[in-house]
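> TSV, C-alpha atoms (C1' of nucleotides) and all ligand atoms, file my_file-v2.tsv:
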```
chain	number	residue	atom	x	y	z
A	77	MET	CA	90.81	41.01	108.42
A	78	THR	CA	93.52	43.45	107.30
A	79	GLU	CA	92.79	46.79	105.71
A	80	THR	CA	94.85	48.85	103.31
A	81	VAL	CA	95.37	52.24	104.88
A	82	ILE	CA	95.57	55.09	102.44
A	83	GLN	CA	97.77	57.89	103.75
A	84	LYS	CA	95.65	61.00	104.09
A	85	PRO	CA	95.90	63.91	106.47
A	86	ASP	CA	93.45	63.75	109.34
A	87	TYR	CA	92.26	67.30	109.12
A	88	GLU	CA	89.20	66.80	111.26
A	89	THR	CA	91.18	65.72	114.28
A	90	ALA	CA	93.61	68.58	113.74
A	91	LEU	CA	90.74	71.03	113.57
A	92	ARG	CA	89.03	69.71	116.68
A	93	GLU	CA	92.29	70.04	118.54
A	94	ALA	CA	92.54	73.59	117.32
A	95	GLY	CA	89.11	74.11	118.82
A	96	VAL	CA	87.20	74.82	115.66
A	97	ARG	CA	83.93	73.27	114.57
A	98	ILE	CA	83.60	70.69	111.85
A	99	THR	CA	80.94	72.13	109.61
A	100	ARG	CA	79.52	70.88	106.36
A	101	PRO	CA	81.40	73.37	104.15
A	102	ARG	CA	84.62	72.64	105.98
A	103	ARG	CA	84.22	68.92	105.52
A	104	VAL	CA	83.71	69.41	101.81
A	105	ILE	CA	86.71	71.70	101.42
A	106	LEU	CA	88.93	69.44	103.49
A	107	GLY	CA	87.95	66.53	101.30
A	108	ILE	CA	88.89	68.47	98.19
A	109	LEU	CA	92.26	69.42	99.63
A	110	THR	CA	92.90	65.90	100.78
A	111	ASP	CA	92.67	64.40	97.36
A	112	ALA	CA	93.95	67.33	95.32
A	113	GLU	CA	96.97	66.25	93.32
A	114	ASP	CA	97.68	69.76	92.10
A	115	HIS	CA	98.02	73.24	93.65
A	116	PRO	CA	94.53	74.72	93.24
A	117	ASP	CA	93.67	78.35	93.92
A	118	ALA	CA	90.65	79.53	95.91
A	119	MET	CA	88.41	79.80	92.86
A	120	GLU	CA	89.30	76.31	91.74
A	121	ILE	CA	88.63	74.91	95.20
A	122	PHE	CA	85.36	76.80	95.21
A	123	LYS	CA	84.31	75.25	91.90
A	124	ARG	CA	85.14	71.77	93.08
A	125	ALA	CA	83.27	72.46	96.30
A	126	VAL	CA	80.17	73.79	94.60
A	127	ALA	CA	80.02	70.60	92.55
A	128	LEU	CA	79.63	68.70	95.80
A	129	ASP	CA	77.53	71.23	97.67
A	130	PRO	CA	76.05	74.16	95.73
A	131	SER	CA	75.44	76.19	98.86
A	132	ILE	CA	79.11	76.77	99.65
A	133	SER	CA	80.38	80.32	99.22
A	134	LEU	CA	83.69	81.65	98.00
A	135	SER	CA	84.08	83.60	101.24
A	136	THR	CA	84.00	80.38	103.16
A	137	VAL	CA	86.68	78.93	100.95
A	138	TYR	CA	88.90	81.92	101.67
A	139	ARG	CA	88.10	81.83	105.36
A	140	THR	CA	88.84	78.14	105.53
A	141	MET	CA	92.12	78.47	103.69
A	142	LYS	CA	93.21	81.15	106.10
A	143	LEU	CA	92.18	79.01	109.02
A	144	LEU	CA	94.02	75.94	107.74
A	145	GLU	CA	97.08	77.99	106.93
A	146	GLY	CA	96.96	79.39	110.44
A	147	ILE	CA	97.08	75.98	112.09
A	148	GLY	CA	99.75	74.89	109.63
A	149	ALA	CA	97.58	72.33	107.87
A	150	ILE	CA	98.18	73.75	104.41
A	151	HIS	CA	100.76	75.85	102.61
A	152	ARG	CA	99.99	78.91	100.55
A	153	HIS	CA	102.04	79.62	97.45
A	154	ALA	CA	102.07	82.95	95.65
A	155	PHE	CA	103.52	82.00	92.31
A	156	GLU	CA	104.34	84.79	89.92
A	157	GLY	CA	101.33	86.61	88.61
A	158	GLY	CA	98.41	84.47	89.69
A	159	PRO	CA	96.36	84.20	92.88
A	160	SER	CA	97.41	82.18	95.94
A	161	ARG	CA	97.50	78.44	95.45
A	162	PHE	CA	97.29	75.83	98.15
A	163	GLU	CA	98.40	72.36	99.05
A	164	PRO	CA	98.15	70.10	102.11
A	165	ALA	CA	101.12	70.44	104.44
A	166	ILE	CA	101.67	66.70	104.66
A	167	GLY	CA	104.84	65.04	103.42
A	168	GLU	CA	108.33	66.45	103.37
A	169	HIS	CA	109.30	69.96	102.39
A	170	HIS	CA	109.81	70.70	98.72
A	171	ASP	CA	110.16	73.63	96.38
A	172	HIS	CA	108.69	74.26	92.94
A	173	LEU	CA	109.65	74.58	89.31
A	174	ILE	CA	107.01	76.33	87.24
A	175	ASP	CA	106.77	75.76	83.50
A	176	ILE	CA	106.27	79.30	82.23
A	177	GLU	CA	104.64	78.00	79.08
A	178	THR	CA	102.16	75.47	80.37
A	179	GLY	CA	101.85	76.60	83.98
A	180	ASP	CA	102.73	73.10	85.16
A	181	VAL	CA	104.14	72.94	88.67
A	182	ILE	CA	106.87	70.42	89.34
A	183	GLU	CA	108.05	69.64	92.83
A	184	PHE	CA	111.65	69.07	93.78
A	185	HIS	CA	113.85	68.99	96.80
A	186	SER	CA	117.53	69.64	97.27
A	187	GLU	CA	118.97	68.96	100.66
A	188	ARG	CA	122.14	70.65	99.47
A	189	ILE	CA	120.32	73.89	98.71
A	190	GLU	CA	118.49	73.77	102.01
A	191	GLU	CA	121.81	73.47	103.82
A	192	LEU	CA	123.36	76.31	101.88
A	193	GLN	CA	120.42	78.52	102.74
A	194	GLN	CA	120.97	77.80	106.41
A	195	GLU	CA	124.64	78.61	106.10
A	196	ILE	CA	123.96	81.87	104.36
A	197	ALA	CA	121.37	82.99	106.86
A	198	ARG	CA	123.59	81.99	109.72
A	199	ALA	CA	126.51	83.92	108.28
A	200	LEU	CA	124.28	86.97	108.11
A	201	GLY	CA	123.20	86.47	111.72
A	202	TYR	CA	119.76	85.07	111.00
A	203	ASP	CA	117.67	81.98	111.64
A	204	ILE	CA	115.47	81.04	108.72
A	205	VAL	CA	111.80	80.83	109.62
A	206	HIS	CA	110.72	79.84	106.16
A	207	HIS	CA	111.78	80.39	102.61
A	208	ARG	CA	110.57	80.44	99.07
A	209	LEU	CA	112.44	78.95	96.16
A	210	GLU	CA	110.75	78.97	92.80
A	211	LEU	CA	112.35	78.18	89.48
A	212	TYR	CA	110.61	79.48	86.39
A	213	GLY	CA	111.65	77.78	83.21
A	214	ARG	CA	110.74	76.27	79.93
A	215	ARG	CA	111.07	72.72	78.76
A	216	ARG	CA	114.39	72.13	77.01
A	217	ARG	CA	113.95	71.55	73.30
A	218	LYS	CA	114.71	67.94	72.77
A	219	LYS	CA	117.80	68.23	70.53
B	136	MET	CA	142.92	115.50	86.23
B	137	THR	CA	141.28	112.22	87.19
B	138	GLU	CA	137.64	111.99	88.11
B	139	THR	CA	135.92	109.58	90.40
B	140	VAL	CA	133.15	107.97	88.38
B	141	ILE	CA	130.10	107.08	90.38
B	142	GLN	CA	128.45	104.01	88.94
B	143	LYS	CA	124.87	104.85	88.02
B	144	PRO	CA	122.61	103.32	85.42
B	145	ASP	CA	122.10	105.42	82.31
B	146	TYR	CA	118.37	104.99	82.10
B	147	GLU	CA	117.83	107.82	79.67
B	148	THR	CA	119.98	106.28	76.99
B	149	ALA	CA	118.36	102.91	77.58
B	150	LEU	CA	114.95	104.46	77.24
B	151	ARG	CA	115.77	106.35	74.06
B	152	GLU	CA	117.07	103.15	72.56
B	153	ALA	CA	113.80	101.49	73.52
B	154	GLY	CA	112.13	104.29	71.58
B	155	VAL	CA	110.30	105.92	74.44
B	156	ARG	CA	110.21	109.60	75.28
B	157	ILE	CA	112.05	111.18	78.16
B	158	THR	CA	109.37	113.10	79.97
B	159	ARG	CA	109.48	115.13	83.13
B	160	PRO	CA	107.76	112.52	85.33
B	161	ARG	CA	109.99	109.81	83.95
B	162	ARG	CA	113.11	111.80	84.64
B	163	VAL	CA	112.01	112.29	88.23
B	164	ILE	CA	111.16	108.63	88.77
B	165	LEU	CA	114.38	107.48	87.14
B	166	GLY	CA	116.31	109.76	89.42
B	167	ILE	CA	114.61	108.28	92.44
B	168	LEU	CA	115.33	104.73	91.33
B	169	THR	CA	118.89	105.61	90.53
B	170	ASP	CA	119.74	106.67	94.01
B	171	ALA	CA	117.41	104.42	95.94
B	172	GLU	CA	119.42	102.30	98.34
B	173	ASP	CA	116.42	100.24	99.32
B	174	HIS	CA	113.62	98.33	97.58
B	175	PRO	CA	110.77	100.87	97.48
B	176	ASP	CA	107.23	100.02	96.41
B	177	ALA	CA	105.13	102.10	94.03
B	178	MET	CA	103.57	104.20	96.77
B	179	GLU	CA	106.97	104.96	98.26
B	180	ILE	CA	108.35	105.95	94.87
B	181	PHE	CA	105.27	108.07	94.35
B	182	LYS	CA	105.82	109.89	97.64
B	183	ARG	CA	109.44	110.60	96.85
B	184	ALA	CA	108.43	111.77	93.39
B	185	VAL	CA	105.72	114.10	94.63
B	186	ALA	CA	108.27	115.73	96.90
B	187	LEU	CA	110.21	116.69	93.78
B	188	ASP	CA	107.27	117.36	91.48
B	189	PRO	CA	103.79	117.55	93.02
B	190	SER	CA	102.08	117.03	89.68
B	191	ILE	CA	103.20	113.44	89.26
B	192	SER	CA	100.49	110.79	89.56
B	193	LEU	CA	100.54	107.33	91.02
B	194	SER	CA	99.35	105.93	87.70
B	195	THR	CA	102.44	107.24	86.04
B	196	VAL	CA	104.60	105.60	88.65
B	197	TYR	CA	102.92	102.28	87.94
B	198	ARG	CA	103.12	102.79	84.20
B	199	THR	CA	106.78	103.70	84.41
B	200	MET	CA	107.62	100.71	86.55
B	201	LYS	CA	105.95	98.42	84.08
B	202	LEU	CA	107.80	100.08	81.24
B	203	LEU	CA	111.16	99.81	82.96
B	204	GLU	CA	110.52	96.24	83.93
B	205	GLY	CA	109.62	95.50	80.33
B	206	ILE	CA	112.93	96.73	79.00
B	207	GLY	CA	114.74	94.98	81.81
B	208	ALA	CA	115.92	98.15	83.50
B	209	ILE	CA	114.50	97.23	86.89
B	210	HIS	CA	113.46	94.15	88.80
B	211	ARG	CA	110.15	93.66	90.51
B	212	HIS	CA	110.01	91.71	93.75
B	213	ALA	CA	106.83	90.38	95.30
B	214	PHE	CA	107.91	89.72	98.84
B	215	GLU	CA	105.47	87.95	101.10
B	216	GLY	CA	102.40	89.94	101.90
B	217	GLY	CA	103.22	93.41	100.66
B	218	PRO	CA	102.98	95.17	97.30
B	219	SER	CA	105.58	94.88	94.55
B	220	ARG	CA	108.92	96.43	95.33
B	221	PHE	CA	111.51	97.56	92.83
B	222	GLU	CA	115.21	98.01	92.33
B	223	PRO	CA	117.49	98.98	89.45
B	224	ALA	CA	118.71	96.02	87.43
B	225	ILE	CA	122.33	97.11	87.57
B	226	GLY	CA	125.01	95.04	89.23
B	227	GLU	CA	125.18	91.29	89.57
B	228	HIS	CA	122.33	88.99	90.39
B	229	HIS	CA	121.45	88.48	94.01
B	230	ASP	CA	118.69	87.07	96.17
B	231	HIS	CA	117.13	88.37	99.36
B	232	LEU	CA	116.83	87.62	103.04
B	233	ILE	CA	113.91	89.40	104.67
B	234	ASP	CA	113.89	90.11	108.40
B	235	ILE	CA	110.35	89.12	109.35
B	236	GLU	CA	110.47	91.36	112.39
B	237	THR	CA	111.86	94.60	111.01
B	238	GLY	CA	111.12	94.15	107.32
B	239	ASP	CA	114.78	94.77	106.51
B	240	VAL	CA	115.90	93.33	103.20
B	241	ILE	CA	119.41	91.91	103.03
B	242	GLU	CA	121.00	90.93	99.75
B	243	PHE	CA	123.15	87.88	99.25
B	244	HIS	CA	124.49	85.72	96.48
B	245	SER	CA	125.51	82.09	96.37
B	246	GLU	CA	127.10	80.84	93.20
B	247	ARG	CA	126.77	77.36	94.63
B	248	ILE	CA	123.01	77.65	94.96
B	249	GLU	CA	122.71	79.12	91.49
B	250	GLU	CA	124.59	76.13	90.08
B	251	LEU	CA	122.46	73.66	91.98
B	252	GLN	CA	119.34	75.30	90.64
B	253	GLN	CA	120.61	74.85	87.10
B	254	GLU	CA	121.40	71.22	87.78
B	255	ILE	CA	117.98	70.55	89.20
B	256	ALA	CA	116.15	72.22	86.34
B	257	ARG	CA	118.32	70.46	83.81
B	258	ALA	CA	117.66	67.09	85.44
B	259	LEU	CA	113.94	67.80	85.15
B	260	GLY	CA	114.36	68.72	81.50
B	261	TYR	CA	114.08	72.47	81.92
B	262	ASP	CA	116.05	75.63	81.28
B	263	ILE	CA	115.65	78.24	83.99
B	264	VAL	CA	114.38	81.57	82.70
B	265	HIS	CA	114.44	83.21	86.08
B	266	HIS	CA	113.97	82.27	89.68
B	267	ARG	CA	113.03	83.57	93.04
B	268	LEU	CA	114.85	82.77	96.25
B	269	GLU	CA	113.74	84.50	99.39
B	270	LEU	CA	114.75	83.64	102.92
B	271	TYR	CA	112.49	84.87	105.70
B	272	GLY	CA	114.11	84.88	109.07
B	273	ARG	CA	114.73	86.57	112.35
B	274	ARG	CA	117.91	87.88	113.78
B	275	ARG	CA	119.65	85.28	115.92
B	276	ARG	CA	119.59	86.17	119.57
B	277	LYS	CA	123.14	87.00	120.46
B	278	LYS	CA	123.86	84.18	122.99
C	53	DC	C1'	107.28	126.58	64.79
C	54	DT	C1'	104.06	122.78	63.60
C	55	DC	C1'	102.18	118.58	63.95
C	56	DT	C1'	101.12	114.31	65.85
C	57	DA	C1'	101.81	110.16	68.29
C	58	DG	C1'	103.28	109.27	72.84
C	59	DT	C1'	102.34	110.42	77.51
C	60	DT	C1'	99.88	112.29	81.31
C	61	DG	C1'	96.46	112.97	85.38
C	62	DC	C1'	92.14	111.74	86.77
C	63	DA	C1'	88.56	108.79	87.89
C	64	DA	C1'	86.59	104.65	87.25
C	65	DA	C1'	87.37	99.64	86.69
C	66	DC	C1'	89.83	95.65	88.08
C	67	DG	C1'	90.87	90.97	90.34
C	68	DA	C1'	91.88	88.86	94.54
C	69	DT	C1'	90.79	88.81	99.09
C	70	DT	C1'	88.55	90.45	103.35
C	71	DT	C1'	84.81	92.00	106.18
C	72	DG	C1'	80.12	93.46	108.53
C	73	DC	C1'	75.98	91.57	109.47
C	74	DA	C1'	71.96	88.99	110.17
C	75	DA	C1'	70.58	84.23	109.69
C	76	DT	C1'	72.04	79.56	110.58
C	77	DT	C1'	74.15	75.64	112.86
C	78	DG	C1'	77.49	72.75	115.65
C	79	DC	C1'	77.73	70.92	119.81
C	80	DA	C1'	78.03	71.22	124.90
C	81	DT	C1'	74.44	71.27	128.07
C	82	DT	C1'	70.34	69.81	130.29
D	44	DA	C1'	65.55	64.68	122.36
D	45	DA	C1'	65.06	69.68	123.32
D	46	DT	C1'	67.77	74.06	124.68
D	47	DG	C1'	71.10	77.81	124.32
D	48	DC	C1'	74.58	80.30	122.53
D	49	DA	C1'	78.92	81.17	120.43
D	50	DA	C1'	80.98	79.84	116.13
D	51	DT	C1'	80.16	79.84	111.37
D	52	DT	C1'	77.86	80.87	107.19
D	53	DG	C1'	76.24	83.32	102.75
D	54	DC	C1'	75.71	87.59	100.88
D	55	DA	C1'	76.91	92.05	99.64
D	56	DA	C1'	79.79	95.67	100.24
D	57	DA	C1'	84.46	97.12	101.24
D	58	DT	C1'	89.42	96.94	100.67
D	59	DC	C1'	94.01	96.81	98.48
D	60	DG	C1'	97.17	97.05	94.89
D	61	DT	C1'	97.16	97.80	90.25
D	62	DT	C1'	95.35	98.79	85.59
D	63	DT	C1'	92.79	101.33	82.18
D	64	DG	C1'	89.72	104.71	79.27
D	65	DC	C1'	89.80	109.13	78.00
D	66	DA	C1'	90.46	113.91	77.04
D	67	DA	C1'	94.14	117.22	77.76
D	68	DC	C1'	98.94	117.86	77.28
D	69	DT	C1'	103.89	117.52	75.45
D	70	DA	C1'	108.27	115.63	73.38
D	71	DG	C1'	110.70	115.92	69.72
D	72	DA	C1'	110.83	114.89	64.49
D	73	DG	C1'	110.56	117.63	60.49
E	301	MN	MN	103.92	71.43	96.21
E	302	MN	MN	118.05	93.67	95.82
E	303	ZN	ZN	113.16	74.57	100.18
E	304	ZN	ZN	119.53	83.71	92.66
```
Please render this file's structure as structure tokens.


Amino acid sequence: MTETVIQKPDYETALREAGVRITRPRRVILGILTDAEDHPDAMEIFKRAVALDPSISLSTVYRTMKLLEGIGAIHRHAFEGGPSRFEPAIGEHHDHLIDIETGDVIEFHSERIEELQQEIARALGYDIVHHRLELYGRRRRKK
Amino acid sequence: MTETVIQKPDYETALREAGVRITRPRRVILGILTDAEDHPDAMEIFKRAVALDPSISLSTVYRTMKLLEGIGAIHRHAFEGGPSRFEPAIGEHHDHLIDIETGDVIEFHSERIEELQQEIARALGYDIVHHRLELYGRRRRKK
DNA sequence: CTCTAGTTGCAAACGATTTGCAATTGCATT
DNA sequence: AATGCAATTGCAAATCGTTTGCAACTAGAG
């Protein structure tokens, strides 16, 4: 009998390998991150978590995000103005376009830009460790 | 007799046109911004200001930065981790490369990248209002 | 020189995030 | 299944950068 395998990050294994315990709050938070389709902030993750387990605290959300960021399991984004927002570090690299009117976050990727960044850094005598490219714009009025 | 004209932003005129008063603290802060060669944060500006006029307060520095940002006289940068940093909005647009070891900020500009950004936004149905491109890297070990 | 709205310094408030601590719990061990 | 202890938790208090209320103080128009 064949099974359809949904592609989801195996956080638990990653955590065990990092030598940290799989606790109830962590399981809940990991689940939320796993099926988040957006880029929630700590408070939003906390709300979703509380709905599943009312005993979870905001501190634990913050501590868990820091932990996951530390082992490279998630990425933290500090978009203009607001608090940090997170997303699983699965999939290929991408950057973001933020709709300054609605707050919508759109993902994109430009291999060409990535290359140019490398070139620039190299020319300046640097190796890029990471970068941040955010476009802030508004929807073009449909003529 | 010819004079060498040093290029400095005429903040005072800009401010008067924006209908705000030229006060002592503002004059001091504007002077500091005018000849800053770096990207100082509010506390750093405050320290430099106090050295010139001990009565200036940190609140005023923050209020002035917000004011100047509002009229487009300065740019605010929120580099990873640290507090907001500022720089006069004179000269052409540029982006930044931050040395993650020393904290040094290097400016660069790539017309090619700017174009690509426009293309990407346009393809997604957006007009870019502003953007943020920051490269974080470390100096390449000289082989 | 007057008058008043704009601006200030100060202290208190803020929002996001971190931290100390005592109570709890995962899990390696018997 | 019971034990032992370090890792983890919830809570409250602390921290950091920044903003704000307010009464005292000016810039600058008339
Ligand atoms: Mn994303
Ligand atoms: Mn710059
Ligand atoms: Zn990128
Ligand atoms: Zn740019």

> Report as number ranges by chain all protein, DNA and RNA residues lying within 12 Å of DT82 of chain C, evaluated on all atoms listed in the file, omitting residues in the same chain fewer than 2 positions from it.

C: 80; D: 44-47

> Residues within 7 Å of ligand ZN 303 (chain E), counting all atoms listed in the file: report them as a list in words.

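Answer in the requested format: His169, His170, Asp171, His185, Glu190, His207, Arg208 and Leu209 of chain A.
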
> For chain A, list the residues within 8 Å of chain C, counting all atoms listed in the file, and write the list as a list of chain:residue names.

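The answer, sorted by residue number, is A:Arg97, A:Ile98, A:Thr99, A:Tyr138, A:Pro159.
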
> Enter the distance from atom CA of Ile167 of chain B to atom CA of Glu215 of chain B, in Å, rounded to one decimal.

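Computing it gives 23.9 Å between the two atoms.
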
> Atom CA of Thr140 of chain A to atom MN of ligand MN 301 (chain E): how many Å, to one decimal?

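Result for atom CA of Thr140 of chain A versus atom MN of ligand MN 301 (chain E): 19.0 Å, one decimal.
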
> Pull out every residue of chain A sitting within 12 Å of chain D, counting only C-alpha atoms (C1' of nucleotides), and send them as a PyMOL selection string.

chain A and resi 95-102+130-137+139-140
